[in-house]
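Data block below; observations after.
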Amino acid sequence: MDEESQLIQPQDQSCWATLPDVCLHRVFWWLGDRDRSRAALVCRKWNQMMYSADLWRYRTITFSGRPSRVHASEFESALWYVKKFGRYLEHLEIKFLNPYNAVLTKKFQVTMRGLLSSLGKSNNRLKSLSIQHLELERLVWRNSIRSSFIKSLSFFLKKMGKHLDYLNLKGARLTVEQGCHVLNSLSYLRNESMASELNIEDFFSHHLAVYSSLQFNKTMATFQNLASLTLNYNCISDELLENLCENNASTLWTINIKCHIHDPHGQVIWGMSWAKLARQAVNLKVNFFFERVMKYERLARILLQEIPVRSISLRSCYFSDPDWSMRPTLLDLLPTFRHTLQKLTFEFNNNHESLDKELHLLILSCRKLFYFKIWAFLDVKFVERILKSQEEGQCALRTLKFHTNMNTPAKMGLLAI
């Protein structure tokens, strides 16, 4: 048996050693870091596969915000990865989940300083960077920790700005001065940024009237190649629209705008500013996301008829007012966009008024509407009418999602088609 096993063993090794690269690549693709490191010890060929650039182009690094022995090595492994394989990186996403205390934010800040420093020295191909929901305005971010992190991030963006095509800093929650300092880093020494996708939703702290900031408008004027821009309505101004028209009209395709009840949204935007931008950026589509901004008067000030609106999301977030009515919005405001509107999402409490008829008419009037999702009090017959209209070709709907309240037998639960 010993002699037989000795004869078989070289054949087994030869079989694995000659495994086609495409198969070996798939094996390594599905392995975690620890298993990849172990597999790289098998032979020289497997070790070479470990350093295949394709394996390390995309990376999500997650840091737990809770003190735990299980997560204690996250910070060290992140640094290990960047130092060893950071030069191959093209798409990086960093998550810091709900930091528990200042000790953890300090540890995160120190780790990020080393990570960004190492990456800035070894990498020249990074295309996208995403660091979301840091919420730097929270008390767990002490002033010194926050300032050090912003300094490290800004220095990194100065070095990598010419390569970056996509930047997502959603939920950073900075002051106007801090936020503009970070964004200006992208155009360091060039006075312009060529990033095509920028997400600064909730980038600034609540209650800030960013639209009135000359510094912000000057910063946004440095972006010359935007195809997609995501931001809050408290950043929108005539000056911003003029900047987009002058510098990004040939490239701009999408603007995503979030309007939250706690963000200032009473500024006056001229319809002619939107009309000029829509005229110059011929492919532009605008998507609105409203949270607790439900009253007709407020919506009418924002949803101007000159805007090429593609989708609207209205979420009440438990907003309740017995004097509030959704009917004017459904009958008078939203049909204004019947020629461009493609997606509608509603979540509201209409237990004081039936809106079945109004919703049906709205769906029929929007000839390009292919997606409709709603949480509300609806009658089963409303759903039946929608399905019948869809079957008869009276509307273009392809996706219907209903999640309705069931206070009576006439109400239905959940239906998704």
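Scheme for the structure tokens: letters A, B, ... for chains in order shown; per-chain residue numbers from 1; ligand numbers from 1 in order shown.
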
Open item on the list: Quick check for you: according to DSSP on this backbone, which residues of segment 104-316 of chain A are classed as strand (DSSP E or B)? Reply as a VMD selection string.
Closed with: chain A and resid 128 to 132 166 to 168 174 193 197 to 199 204 223 228 to 232 254 to 260 285 to 291 309 to 315

- [ ] Determine, counting only C-alpha atoms, which protein, DNA and RNA residues have an atom within 12 Å of an atom of Ile302 of chain A; residues of the same chain fewer than 3 positions away are not included. Present the result as an MDAnalysis selection string.
- [x] chainID A and resid 233:234 236:237 257:259 264:271 274 288:290 293:299 305:307 309 312 333:334

- [ ] Output as a VMD selection string all residues of segment 108-347 of chain A that backbone DSSP marks as helix (DSSP H, G or I).
- [x] chain A and resid 108 to 122 143 to 160 176 to 187 210 to 212 214 to 220 233 to 235 238 to 248 271 to 280 296 to 302 327 to 337

Task: Option closest in space to Glu291 of chain A, from A:Trp324, A:Phe63, A:Phe348, A:Phe377 [counting only C-alpha atoms] - done: A:Phe348

Open item on the list: My list of candidates is A:Ala40, A:Leu126, A:Leu116, A:Lys159. Which is closest to Arg57 of chain A when distances are computed with only C-alpha atoms?
Closed with: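 Nearest to Arg57 of chain A: A:Leu126.
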
Task: Shortest interatomic distance to Gln342 of chain A - which of A:Ser311, A:Ser185, A:Gln215, A:Ser354, counting only C-alpha atoms - done: A:Ser311

Open item on the list: Could you tell me how far atom CA of Arg66 of chain A sits from atom CA of Asn199 of chain A, in Å to one decimal place?
Closed with: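 Separation of atom CA of Asn199 of chain A and atom CA of Arg66 of chain A: 26.8 Å.
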
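In this comparison, which uses only C-alpha atoms, the residue of A:Ser148, A:Ile94, A:Gly171, A:Val110 approaching Ile131 of chain A most closely is A:Ile94.
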
Open item on the list: Given only C-alpha atoms as the basis, pick out the residue of A:Ala275, A:Met326, A:Leu55, A:Leu314 nearest to Arg292 of chain A.
Closed with: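 Comparing A:Ala275, A:Met326, A:Leu55, A:Leu314 against Arg292 of chain A, the winner is A:Leu314.
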
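Across the structure, atom CA of Leu164 of chain A and atom CA of His260 of chain A are spaced 29.1 Å apart.
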
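Picture a line from atom CA of Ser389 of chain A to atom CA of Leu361 of chain A; it runs 10.8 Å.
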
TODO: Write out as a PyMOL selection string which residues come within 9 Å of segment 74-84 of chain A when counting only C-alpha atoms, dropping same-chain ones fewer than 6 positions away.
DONE: chain A and resi 33+61-64+107-108+111-112+114-116+118-119+122

Next, write the just-selected residues to a file, as an mmCIF file, in the first residue's frame, keeping all heavy atoms as the atom set.
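Generated output (selection-v2.cif):
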```cif
data_model
loop_
_atom_site.group_PDB
_atom_site.id
_atom_site.type_symbol
_atom_site.label_atom_id
_atom_site.label_comp_id
_atom_site.auth_asym_id
_atom_site.auth_seq_id
_atom_site.Cartn_x
_atom_site.Cartn_y
_atom_site.Cartn_z
ATOM 1 N N ASP A 33 -9.840 35.800 2.127
ATOM 2 C CA ASP A 33 -8.421 36.152 2.238
ATOM 3 C C ASP A 33 -7.599 35.072 2.928
ATOM 4 O O ASP A 33 -6.503 34.711 2.478
ATOM 5 C CB ASP A 33 -8.280 37.481 3.004
ATOM 6 C CG ASP A 33 -8.808 38.659 2.208
ATOM 7 O OD1 ASP A 33 -9.044 38.485 1.002
ATOM 8 O OD2 ASP A 33 -8.978 39.745 2.789
ATOM 9 N N ILE A 61 -14.240 46.782 2.456
ATOM 10 C CA ILE A 61 -13.631 46.620 3.770
ATOM 11 C C ILE A 61 -14.637 47.102 4.814
ATOM 12 O O ILE A 61 -15.044 48.264 4.802
ATOM 13 C CB ILE A 61 -12.321 47.414 3.883
ATOM 14 C CG1 ILE A 61 -11.310 46.932 2.827
ATOM 15 C CG2 ILE A 61 -11.724 47.276 5.275
ATOM 16 C CD1 ILE A 61 -10.021 47.725 2.804
ATOM 17 N N THR A 62 -15.037 46.206 5.694
ATOM 18 C CA THR A 62 -16.063 46.525 6.691
ATOM 19 C C THR A 62 -15.453 46.532 8.088
ATOM 20 O O THR A 62 -14.790 45.580 8.497
ATOM 21 C CB THR A 62 -17.209 45.499 6.638
ATOM 22 O OG1 THR A 62 -17.770 45.481 5.322
ATOM 23 C CG2 THR A 62 -18.296 45.864 7.640
ATOM 24 N N PHE A 63 -15.681 47.630 8.796
ATOM 25 C CA PHE A 63 -15.245 47.756 10.184
ATOM 26 C C PHE A 63 -16.482 47.765 11.075
ATOM 27 O O PHE A 63 -17.414 48.541 10.847
ATOM 28 C CB PHE A 63 -14.465 49.049 10.409
ATOM 29 C CG PHE A 63 -13.228 49.181 9.564
ATOM 30 C CD1 PHE A 63 -13.241 49.949 8.426
ATOM 31 C CD2 PHE A 63 -12.054 48.538 9.922
ATOM 32 C CE1 PHE A 63 -12.112 50.086 7.638
ATOM 33 C CE2 PHE A 63 -10.913 48.661 9.148
ATOM 34 C CZ PHE A 63 -10.938 49.433 8.002
ATOM 35 N N SER A 64 -16.498 46.923 12.078
ATOM 36 C CA SER A 64 -17.615 46.909 13.010
ATOM 37 C C SER A 64 -17.469 48.063 14.000
ATOM 38 O O SER A 64 -16.374 48.356 14.477
ATOM 39 C CB SER A 64 -17.664 45.585 13.770
ATOM 40 O OG SER A 64 -18.649 45.623 14.786
ATOM 41 N N LYS A 107 -9.586 54.459 16.607
ATOM 42 C CA LYS A 107 -8.922 53.325 15.979
ATOM 43 C C LYS A 107 -9.183 53.302 14.478
ATOM 44 O O LYS A 107 -8.286 53.009 13.675
ATOM 45 C CB LYS A 107 -9.411 52.023 16.622
ATOM 46 C CG LYS A 107 -8.580 50.807 16.267
ATOM 47 C CD LYS A 107 -8.984 49.613 17.105
ATOM 48 C CE LYS A 107 -8.070 48.418 16.804
ATOM 49 N NZ LYS A 107 -8.423 47.237 17.624
ATOM 50 N N PHE A 108 -10.412 53.625 14.100
ATOM 51 C CA PHE A 108 -10.767 53.699 12.676
ATOM 52 C C PHE A 108 -9.972 54.800 11.988
ATOM 53 O O PHE A 108 -9.445 54.613 10.884
ATOM 54 C CB PHE A 108 -12.271 53.951 12.534
ATOM 55 C CG PHE A 108 -12.716 54.190 11.115
ATOM 56 C CD1 PHE A 108 -12.874 53.128 10.238
ATOM 57 C CD2 PHE A 108 -12.983 55.481 10.667
ATOM 58 C CE1 PHE A 108 -13.292 53.348 8.935
ATOM 59 C CE2 PHE A 108 -13.396 55.708 9.367
ATOM 60 C CZ PHE A 108 -13.553 54.632 8.501
ATOM 61 N N THR A 111 -6.353 53.725 11.554
ATOM 62 C CA THR A 111 -6.274 52.700 10.510
ATOM 63 C C THR A 111 -6.444 53.305 9.127
ATOM 64 O O THR A 111 -5.713 52.971 8.188
ATOM 65 C CB THR A 111 -7.347 51.621 10.741
ATOM 66 O OG1 THR A 111 -7.178 51.040 12.031
ATOM 67 C CG2 THR A 111 -7.264 50.536 9.683
ATOM 68 N N MET A 112 -7.410 54.217 8.988
ATOM 69 C CA MET A 112 -7.648 54.849 7.698
ATOM 70 C C MET A 112 -6.470 55.723 7.286
ATOM 71 O O MET A 112 -6.149 55.819 6.091
ATOM 72 C CB MET A 112 -8.933 55.684 7.756
ATOM 73 C CG MET A 112 -10.206 54.857 7.775
ATOM 74 S SD MET A 112 -10.407 53.840 6.291
ATOM 75 C CE MET A 112 -10.525 55.117 5.032
ATOM 76 N N GLY A 114 -3.312 55.097 7.897
ATOM 77 C CA GLY A 114 -2.325 54.177 7.349
ATOM 78 C C GLY A 114 -2.767 53.566 6.037
ATOM 79 O O GLY A 114 -1.972 53.418 5.099
ATOM 80 N N LEU A 115 -4.054 53.218 5.967
ATOM 81 C CA LEU A 115 -4.593 52.601 4.757
ATOM 82 C C LEU A 115 -4.514 53.549 3.565
ATOM 83 O O LEU A 115 -4.042 53.180 2.477
ATOM 84 C CB LEU A 115 -6.038 52.166 5.022
ATOM 85 C CG LEU A 115 -6.768 51.351 3.963
ATOM 86 C CD1 LEU A 115 -7.817 50.456 4.631
ATOM 87 C CD2 LEU A 115 -7.455 52.241 2.940
ATOM 88 N N LEU A 116 -4.981 54.776 3.741
ATOM 89 C CA LEU A 116 -4.984 55.752 2.648
ATOM 90 C C LEU A 116 -3.563 56.156 2.269
ATOM 91 O O LEU A 116 -3.264 56.390 1.085
ATOM 92 C CB LEU A 116 -5.809 56.979 3.044
ATOM 93 C CG LEU A 116 -7.309 56.736 3.263
ATOM 94 C CD1 LEU A 116 -7.989 58.010 3.750
ATOM 95 C CD2 LEU A 116 -7.978 56.232 1.989
ATOM 96 N N SER A 118 -0.816 54.257 2.522
ATOM 97 C CA SER A 118 -0.232 53.147 1.775
ATOM 98 C C SER A 118 -0.816 53.056 0.374
ATOM 99 O O SER A 118 -0.098 52.841 -0.607
ATOM 100 C CB SER A 118 -0.471 51.834 2.527
ATOM 101 O OG SER A 118 0.043 50.736 1.827
ATOM 102 N N LEU A 119 -2.116 53.233 0.279
ATOM 103 C CA LEU A 119 -2.776 53.156 -1.015
ATOM 104 C C LEU A 119 -2.326 54.294 -1.934
ATOM 105 O O LEU A 119 -2.135 54.104 -3.141
ATOM 106 C CB LEU A 119 -4.296 53.205 -0.822
ATOM 107 C CG LEU A 119 -5.170 52.782 -2.005
ATOM 108 C CD1 LEU A 119 -4.872 51.349 -2.402
ATOM 109 C CD2 LEU A 119 -6.648 52.936 -1.643
ATOM 110 N N SER A 122 1.125 53.310 -3.463
ATOM 111 C CA SER A 122 1.267 52.136 -4.327
ATOM 112 C C SER A 122 0.284 52.069 -5.486
ATOM 113 O O SER A 122 0.519 51.338 -6.464
ATOM 114 C CB SER A 122 1.116 50.862 -3.486
ATOM 115 O OG SER A 122 -0.195 50.789 -2.919
#
```

TODO: May I have the residues within 10 Å of Arg142 of chain A as number ranges by chain, using only C-alpha atoms and disregarding those fewer than 2 positions away in the same chain?
DONE: A: 101-103, 105-106, 136-140, 144-147

TODO: Excluding Leu284 of chain A and residues on its chain fewer than 4 positions from it, collect all residues at most 7 Å away from it, counting only C-alpha atoms, and give them as a PyMOL selection string.
DONE: chain A and resi 252-254+278+308

- [ ] Give me the residues within 8 Å of Phe156 of chain A as a PyMOL selection string, counting only C-alpha atoms and dropping any in the same chain fewer than 4 places off.
- [x] chain A and resi 116-117+120+152+160
